[in-house]
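One structure is given here, and the rest of the page talks about it.
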Amino acid sequence: MPRVTRYLTLAAAMLFAPAARAQCLPAVCALAVTIQSDASGIALGGSGSSAATMAFGTMQAYGGTVPTGVTRTVGATNWTISTPFDIKVSCTNLLNLLPCTLIISPTYTLTAQLQSADGTNTWKIGSSTLSSATPLTLATAGTYGNVVPYTFALTIPFTEAAGTISNTINFVAVSN
Amino acid sequence: MQLTPVRHELSQVSAYCESCMAKQGKKLAHSNQLPVLWCPPDCAGSPTPAKAPGIANRFLDMRPTICVGRDASPSEAGKFMKKLCLLLICSIFFIGGVGTAQATSASATMAVSVTVASSISFVIQSDASGLALTNSGTSAVTASFGTMSAYGGTVPTGVTRTVNGTTNWKISTPFDAVIAVANQTSSNYTLTAQLASSDSTNTWQIGATTITSASAATLTSTGTYGTTVFTFSLTIPFTEAAGAISNTINFVATAN
């Protein structure tokens, strides 16, 4: 076998052998968390980026307008607005060799945390309550590249005065 | 033509190759971009020892030949090429394969905002002791008494018929008004009622209050939020001809 062929074969084997995909150095893999609108949810501002906005506009417990993709549930003492949204965690190889989804550890842990404390309203993702005190774990073995739908919910007590409610949810993905 | 890896000074190799090819009646073709040097294999070997080329020269010489050139047999260039290629492959292997994975992280933010407006809810529902309302529990219900007469006939469940001597007769039934307020500081509410169409023949009442189309009648100005039972009644004079009687009562609740 000509030397050139041997070199190329060896290089190809190193690059594409399954064992070689098991892990990769962080230096060549860039994690990215993007938030995007869910097909059944409210349209997010900055959908597909890592800095999205979810603006419900003006809403009220009774009557008024409910934005498309938003569900309003009125209870005896409070009301809840909820909508699905999607999160995608991807791992991109900086050297453009291979997607790190195949190269590094195939899973990630995703957490969410409120940026500011809110002692009045209840912020939830899925059935879990968010707080500013500690991060809420949304996934412990998420798969890179998968678009995962989550449901955001905000519960507002009737006793709260009218006005604007705002906060920021910080998501952090860590490779396992 | 084949690309030839060399580790000698380009000028030496070029001169040698040019001379060798000249003997064969050929002419050496130089690339505009050094160190691309096109030299036939039979003229690629240099009889002149390398003149201690520096690192820069080595890399310059190697650039076009890495792993794809054919070294002049059995020169140092070939061995050097082999080492370099192995180094490259090992580097790729290390970077892409056997490195120890460490936790990396990324973050994203989602700013959420909603402007909450105060609101009040008002629905009417069937009372347990009253006539079954159509669309009970909504803000647009219907109370259908069906066919009734002052004497005899059928009185619907939950409806009371009262005959006042020979003057008129009255049908009445309780219903529930469910009023709630959200995101507003309010201790009670005011409730008014008004007929949609005037009726100068019959008497429409909610509780003891007569309802007309002329103006809204106040049923309560200190209503307690929650469920309140009101009684609707319609008084029909005996002098009125038989036929259907219909109207709509518009209720308005205002948080105080």
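Residues in the structure tokens are numbered from 1 in each chain, the chains being A, B, ... in the order shown, and ligands are numbered from 1 in the order shown.
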Tell me, counting only C-alpha atoms, for each residue of chain A within 6 Å of chain B, which pair of atoms is nearest and how far apart they are in Å to one decimal, in rows ordered by chain and increasing number, as a tab-separated table.
```
residue	atom	partner	partner_atom	distance
A:Val4	CA	B:Val68	CA	5.7
A:Ala11	CA	B:Ile89	CA	5.7
A:Met14	CA	B:Phe93	CA	5.7
A:Ala20	CA	B:Gly97	CA	3.9
A:Arg21	CA	B:Gly97	CA	5.7
A:Gln23	CA	B:Ala101	CA	5.7
A:Cys24	CA	B:Gly96	CA	5.3
A:Leu25	CA	B:Gly99	CA	5.4
A:Leu31	CA	B:Ala106	CA	5.4
A:Ala32	CA	B:Ala106	CA	5.4
A:Val33	CA	B:Ala108	CA	5.7
A:Ser50	CA	B:Ala108	CA	4.4
A:Ala51	CA	B:Thr109	CA	4.8
A:Ala52	CA	B:Met110	CA	4.7
A:Thr53	CA	B:Ala111	CA	4.6
A:Met54	CA	B:Val112	CA	4.7
A:Ala55	CA	B:Ser113	CA	5.0
A:Phe56	CA	B:Val114	CA	4.9
A:Gly57	CA	B:Val114	CA	5.2
A:Thr58	CA	B:Thr115	CA	4.4
A:Met59	CA	B:Val116	CA	5.3
A:Gln60	CA	B:Ala117	CA	5.0
A:Tyr62	CA	B:Ser119	CA	5.5
A:Phe158	CA	B:Ala182	CA	4.3
A:Thr159	CA	B:Asn183	CA	5.4
A:Glu160	CA	B:Asn183	CA	5.0
A:Ala161	CA	B:Asn183	CA	4.7
A:Ala162	CA	B:Ala117	CA	5.0
A:Gly163	CA	B:Val116	CA	5.0
A:Thr164	CA	B:Thr115	CA	4.0
A:Ile165	CA	B:Val114	CA	5.3
A:Ser166	CA	B:Ser113	CA	4.2
A:Asn167	CA	B:Val112	CA	5.5
A:Thr168	CA	B:Ala111	CA	4.2
A:Ile169	CA	B:Met110	CA	5.2
A:Asn170	CA	B:Thr109	CA	4.5
A:Phe171	CA	B:Ala108	CA	5.0
A:Val172	CA	B:Ser107	CA	4.2
A:Ala173	CA	B:Ala106	CA	5.3
A:Val174	CA	B:Ser105	CA	4.2
A:Ser175	CA	B:Ala103	CA	5.1
```
Expected file: the selected residues, C-alpha atoms, as a short mmCIF file (atom, residue, chain, number, x, y, z; two decimals), in the first residue's frame:
```
data_model
loop_
_atom_site.label_atom_id
_atom_site.label_comp_id
_atom_site.auth_asym_id
_atom_site.auth_seq_id
_atom_site.Cartn_x
_atom_site.Cartn_y
_atom_site.Cartn_z
CA VAL A 4 0.11 8.18 1.09
CA ALA A 11 -6.23 9.42 9.57
CA MET A 14 -8.87 7.91 13.70
CA ALA A 20 -12.85 8.14 18.83
CA ARG A 21 -16.26 9.70 19.21
CA GLN A 23 -15.33 12.02 24.20
CA CYS A 24 -13.85 15.26 23.16
CA LEU A 25 -12.05 18.08 24.78
CA LEU A 31 -22.42 24.15 24.13
CA ALA A 32 -25.29 26.37 23.16
CA VAL A 33 -28.73 26.75 24.69
CA SER A 50 -30.18 32.34 23.78
CA ALA A 51 -32.01 35.48 24.86
CA ALA A 52 -35.70 35.07 24.23
CA THR A 53 -38.57 37.14 25.51
CA MET A 54 -42.02 35.92 26.42
CA ALA A 55 -44.40 38.85 26.42
CA PHE A 56 -48.02 38.09 27.27
CA GLY A 57 -49.19 41.64 26.93
CA THR A 58 -52.11 42.77 29.02
CA MET A 59 -54.13 39.98 30.52
CA GLN A 60 -56.77 39.67 33.17
CA TYR A 62 -61.77 37.46 33.74
CA PHE A 158 -56.46 37.61 42.88
CA THR A 159 -55.21 39.71 45.73
CA GLU A 160 -52.32 41.05 43.75
CA ALA A 161 -52.73 44.58 42.51
CA ALA A 162 -52.92 45.19 38.81
CA GLY A 163 -49.66 46.03 37.14
CA THR A 164 -46.76 44.54 35.26
CA ILE A 165 -45.13 41.33 36.34
CA SER A 166 -41.74 40.61 34.90
CA ASN A 167 -38.79 38.42 35.61
CA THR A 168 -36.09 36.51 33.79
CA ILE A 169 -35.50 32.81 33.79
CA ASN A 170 -31.89 31.80 33.47
CA PHE A 171 -31.22 28.43 31.89
CA VAL A 172 -27.88 26.69 32.27
CA ALA A 173 -26.85 23.54 30.45
CA VAL A 174 -23.84 21.59 31.69
CA SER A 175 -22.38 18.66 29.82
#
```
Q) Can you list every residue in stretch 107-166 of chain B that DSSP puts in strand (DSSP E or B), as a ChimeraX atom specification? A) /B:107-117,119-126,134,138,142,160-164
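The shell of residues at most 7 Å from A:Phe152, with only C-alpha atoms counted and near chain neighbours (fewer than 4 positions) removed, consists of Ser82, Thr83, Pro84, Lys124, Ile125 and Gly126 of chain A.
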Keeping only N, CA and C atoms, take the residues you just selected and write them out as a PDB file, in the first residue's frame.
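As written to disk, result01.pdb reads:
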```
ATOM      1  N   SER A  82     -50.376  29.909  31.108  1.00  0.00           N
ATOM      2  CA  SER A  82     -49.347  28.930  30.765  1.00  0.00           C
ATOM      3  C   SER A  82     -49.197  28.823  29.257  1.00  0.00           C
ATOM      4  N   THR A  83     -48.016  28.438  28.852  1.00  0.00           N
ATOM      5  CA  THR A  83     -47.738  28.258  27.427  1.00  0.00           C
ATOM      6  C   THR A  83     -46.520  27.361  27.258  1.00  0.00           C
ATOM      7  N   PRO A  84     -46.517  26.559  26.229  1.00  0.00           N
ATOM      8  CA  PRO A  84     -45.320  25.741  25.982  1.00  0.00           C
ATOM      9  C   PRO A  84     -44.241  26.535  25.236  1.00  0.00           C
ATOM     10  N   LYS A 124     -43.543  28.536  37.315  1.00  0.00           N
ATOM     11  CA  LYS A 124     -43.293  27.104  37.165  1.00  0.00           C
ATOM     12  C   LYS A 124     -42.825  26.765  35.754  1.00  0.00           C
ATOM     13  N   ILE A 125     -42.048  25.723  35.680  1.00  0.00           N
ATOM     14  CA  ILE A 125     -41.767  25.071  34.403  1.00  0.00           C
ATOM     15  C   ILE A 125     -42.173  23.624  34.608  1.00  0.00           C
ATOM     16  N   GLY A 126     -43.135  23.213  33.813  1.00  0.00           N
ATOM     17  CA  GLY A 126     -43.719  21.901  34.059  1.00  0.00           C
ATOM     18  C   GLY A 126     -44.451  21.963  35.390  1.00  0.00           C
TER      19      GLY A 126
END
```
Q.
Between atom CA of B:Tyr189 and atom CA of B:Asn202, what is the distance in Å, rounded to a tenth?
A. 28.8 Å
So which residues touch stretch 224-238 of chain B within 7 Å, counting only C-alpha atoms, skipping near sequence neighbours fewer than 3 positions away, as a PDB file with N, CA and C atoms, in the first residue's frame?
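Saved to part-v3.pdb:
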```
ATOM      1  N   THR B 167    -106.776  40.000  39.828  1.00  0.00           N
ATOM      2  CA  THR B 167    -106.039  41.081  39.167  1.00  0.00           C
ATOM      3  C   THR B 167    -104.888  40.573  38.297  1.00  0.00           C
ATOM      4  N   ASN B 168    -104.055  39.787  38.888  1.00  0.00           N
ATOM      5  CA  ASN B 168    -102.879  39.300  38.138  1.00  0.00           C
ATOM      6  C   ASN B 168    -102.352  38.019  38.758  1.00  0.00           C
ATOM      7  N   TRP B 169    -101.411  37.483  38.165  1.00  0.00           N
ATOM      8  CA  TRP B 169    -100.703  36.321  38.709  1.00  0.00           C
ATOM      9  C   TRP B 169     -99.209  36.478  38.478  1.00  0.00           C
ATOM     10  N   LYS B 170     -98.431  35.858  39.293  1.00  0.00           N
ATOM     11  CA  LYS B 170     -96.976  36.071  39.271  1.00  0.00           C
ATOM     12  C   LYS B 170     -96.248  34.726  39.263  1.00  0.00           C
ATOM     13  N   ILE B 171     -95.191  34.714  38.458  1.00  0.00           N
ATOM     14  CA  ILE B 171     -94.302  33.541  38.483  1.00  0.00           C
ATOM     15  C   ILE B 171     -92.948  34.026  38.985  1.00  0.00           C
ATOM     16  N   SER B 172     -92.342  33.227  39.808  1.00  0.00           N
ATOM     17  CA  SER B 172     -91.037  33.620  40.359  1.00  0.00           C
ATOM     18  C   SER B 172     -90.128  32.407  40.530  1.00  0.00           C
ATOM     19  N   THR B 173     -88.843  32.703  40.505  1.00  0.00           N
ATOM     20  CA  THR B 173     -87.844  31.630  40.698  1.00  0.00           C
ATOM     21  C   THR B 173     -86.530  32.250  41.167  1.00  0.00           C
ATOM     22  N   PRO B 174     -85.852  31.576  42.037  1.00  0.00           N
ATOM     23  CA  PRO B 174     -84.552  32.101  42.457  1.00  0.00           C
ATOM     24  C   PRO B 174     -83.447  31.752  41.439  1.00  0.00           C
ATOM     25  N   PHE B 175     -82.450  32.570  41.406  1.00  0.00           N
ATOM     26  CA  PHE B 175     -81.255  32.279  40.576  1.00  0.00           C
ATOM     27  C   PHE B 175     -80.036  32.830  41.316  1.00  0.00           C
ATOM     28  N   ASP B 176     -78.900  32.389  40.947  1.00  0.00           N
ATOM     29  CA  ASP B 176     -77.674  32.792  41.640  1.00  0.00           C
ATOM     30  C   ASP B 176     -76.853  33.744  40.776  1.00  0.00           C
ATOM     31  N   ALA B 177     -76.396  34.776  41.408  1.00  0.00           N
ATOM     32  CA  ALA B 177     -75.430  35.672  40.763  1.00  0.00           C
ATOM     33  C   ALA B 177     -74.077  35.424  41.428  1.00  0.00           C
ATOM     34  N   VAL B 178     -73.113  35.042  40.609  1.00  0.00           N
ATOM     35  CA  VAL B 178     -71.773  34.753  41.148  1.00  0.00           C
ATOM     36  C   VAL B 178     -70.826  35.835  40.651  1.00  0.00           C
ATOM     37  N   ILE B 179     -70.350  36.608  41.574  1.00  0.00           N
ATOM     38  CA  ILE B 179     -69.523  37.760  41.209  1.00  0.00           C
ATOM     39  C   ILE B 179     -68.183  37.666  41.952  1.00  0.00           C
ATOM     40  N   ALA B 180     -67.108  37.813  41.196  1.00  0.00           N
ATOM     41  CA  ALA B 180     -65.763  37.750  41.784  1.00  0.00           C
ATOM     42  C   ALA B 180     -64.904  38.856  41.180  1.00  0.00           C
ATOM     43  N   ASN B 188     -66.659  45.284  48.029  1.00  0.00           N
ATOM     44  CA  ASN B 188     -68.004  44.896  47.617  1.00  0.00           C
ATOM     45  C   ASN B 188     -68.298  45.442  46.223  1.00  0.00           C
ATOM     46  N   TYR B 189     -69.483  45.202  45.782  1.00  0.00           N
ATOM     47  CA  TYR B 189     -69.842  45.609  44.427  1.00  0.00           C
ATOM     48  C   TYR B 189     -71.250  46.198  44.399  1.00  0.00           C
ATOM     49  N   ASN B 202     -96.563  44.121  31.760  1.00  0.00           N
ATOM     50  CA  ASN B 202     -96.146  43.212  32.830  1.00  0.00           C
ATOM     51  C   ASN B 202     -95.155  43.907  33.771  1.00  0.00           C
ATOM     52  N   THR B 203     -95.000  43.322  34.935  1.00  0.00           N
ATOM     53  CA  THR B 203     -94.070  43.876  35.927  1.00  0.00           C
ATOM     54  C   THR B 203     -92.918  42.891  36.135  1.00  0.00           C
ATOM     55  N   TRP B 204     -91.719  43.403  35.897  1.00  0.00           N
ATOM     56  CA  TRP B 204     -90.514  42.579  36.040  1.00  0.00           C
ATOM     57  C   TRP B 204     -89.794  43.010  37.304  1.00  0.00           C
ATOM     58  N   GLN B 205     -89.436  42.065  38.099  1.00  0.00           N
ATOM     59  CA  GLN B 205     -88.781  42.388  39.364  1.00  0.00           C
ATOM     60  C   GLN B 205     -87.619  41.440  39.668  1.00  0.00           C
ATOM     61  N   ILE B 206     -86.661  42.004  40.326  1.00  0.00           N
ATOM     62  CA  ILE B 206     -85.583  41.192  40.934  1.00  0.00           C
ATOM     63  C   ILE B 206     -85.691  41.497  42.422  1.00  0.00           C
ATOM     64  N   GLY B 207     -86.059  40.494  43.160  1.00  0.00           N
ATOM     65  CA  GLY B 207     -86.342  40.754  44.556  1.00  0.00           C
ATOM     66  C   GLY B 207     -87.528  41.707  44.630  1.00  0.00           C
TER      67      GLY B 207
END
```
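Closest approach to A:Phe85 among A:Val147, A:Ala139, A:Leu130, A:Ala30: A:Val147, based on only C-alpha atoms.
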**Q.** Between atom CA of B:Ser136 and atom CA of B:Ser187 - distance in Å to one decimal
**A.** 25.8 Å
(Q) For a test of reading the model, state the distance in Å between atom CA of A:Gly64 and atom CA of B:Gly137, rounded to one decimal. (A) 18.0 Å
Q: Tell me, as an NGL selection string, which residues lie within 6 Å of A:Pro135, counting only C-alpha atoms; anything in the same chain fewer than 2 positions away does not count.
A: :A and (111-113)
Output N, CA and C atoms for every residue in the selection just made, as a tab-separated table (two decimals), in the first residue's frame.
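Full text of out31.tsv as output:
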```
chain	number	residue	atom	x	y	z
A	111	THR	N	-30.69	23.31	33.94
A	111	THR	CA	-31.35	23.90	35.11
A	111	THR	C	-31.95	25.25	34.74
A	112	ALA	N	-32.88	25.68	35.57
A	112	ALA	CA	-33.53	26.97	35.37
A	112	ALA	C	-33.66	27.66	36.72
A	113	GLN	N	-33.52	28.94	36.69
A	113	GLN	CA	-33.58	29.70	37.94
A	113	GLN	C	-34.13	31.09	37.65
```
Q: Give me the residues within 9 Å of B:Thr192 as a list of chain:residue names, counting only C-alpha atoms and dropping any in the same chain fewer than 3 places off.
A: B:Ala216, B:Ala217, B:Thr218, B:Leu219, B:Thr220, B:Ser221, B:Asn250, B:Phe251, B:Val252, B:Ala253, B:Thr254
Quick one: write out the picked residues with C-alpha atoms as a PDB file, in the first residue's frame?
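Full text of part.pdb as output:
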```
ATOM      1  CA  ALA B 216     -80.839  50.676  35.553  1.00  0.00           C
ATOM      2  CA  ALA B 217     -82.259  49.660  38.887  1.00  0.00           C
ATOM      3  CA  THR B 218     -79.781  49.095  41.681  1.00  0.00           C
ATOM      4  CA  LEU B 219     -80.233  45.711  43.214  1.00  0.00           C
ATOM      5  CA  THR B 220     -77.483  46.208  45.763  1.00  0.00           C
ATOM      6  CA  SER B 221     -74.743  48.707  46.342  1.00  0.00           C
ATOM      7  CA  ASN B 250     -79.084  43.199  31.562  1.00  0.00           C
ATOM      8  CA  PHE B 251     -77.085  42.981  34.783  1.00  0.00           C
ATOM      9  CA  VAL B 252     -74.044  45.089  35.496  1.00  0.00           C
ATOM     10  CA  ALA B 253     -71.740  44.507  38.438  1.00  0.00           C
ATOM     11  CA  THR B 254     -69.258  47.199  39.375  1.00  0.00           C
TER      12      THR B 254
END
```
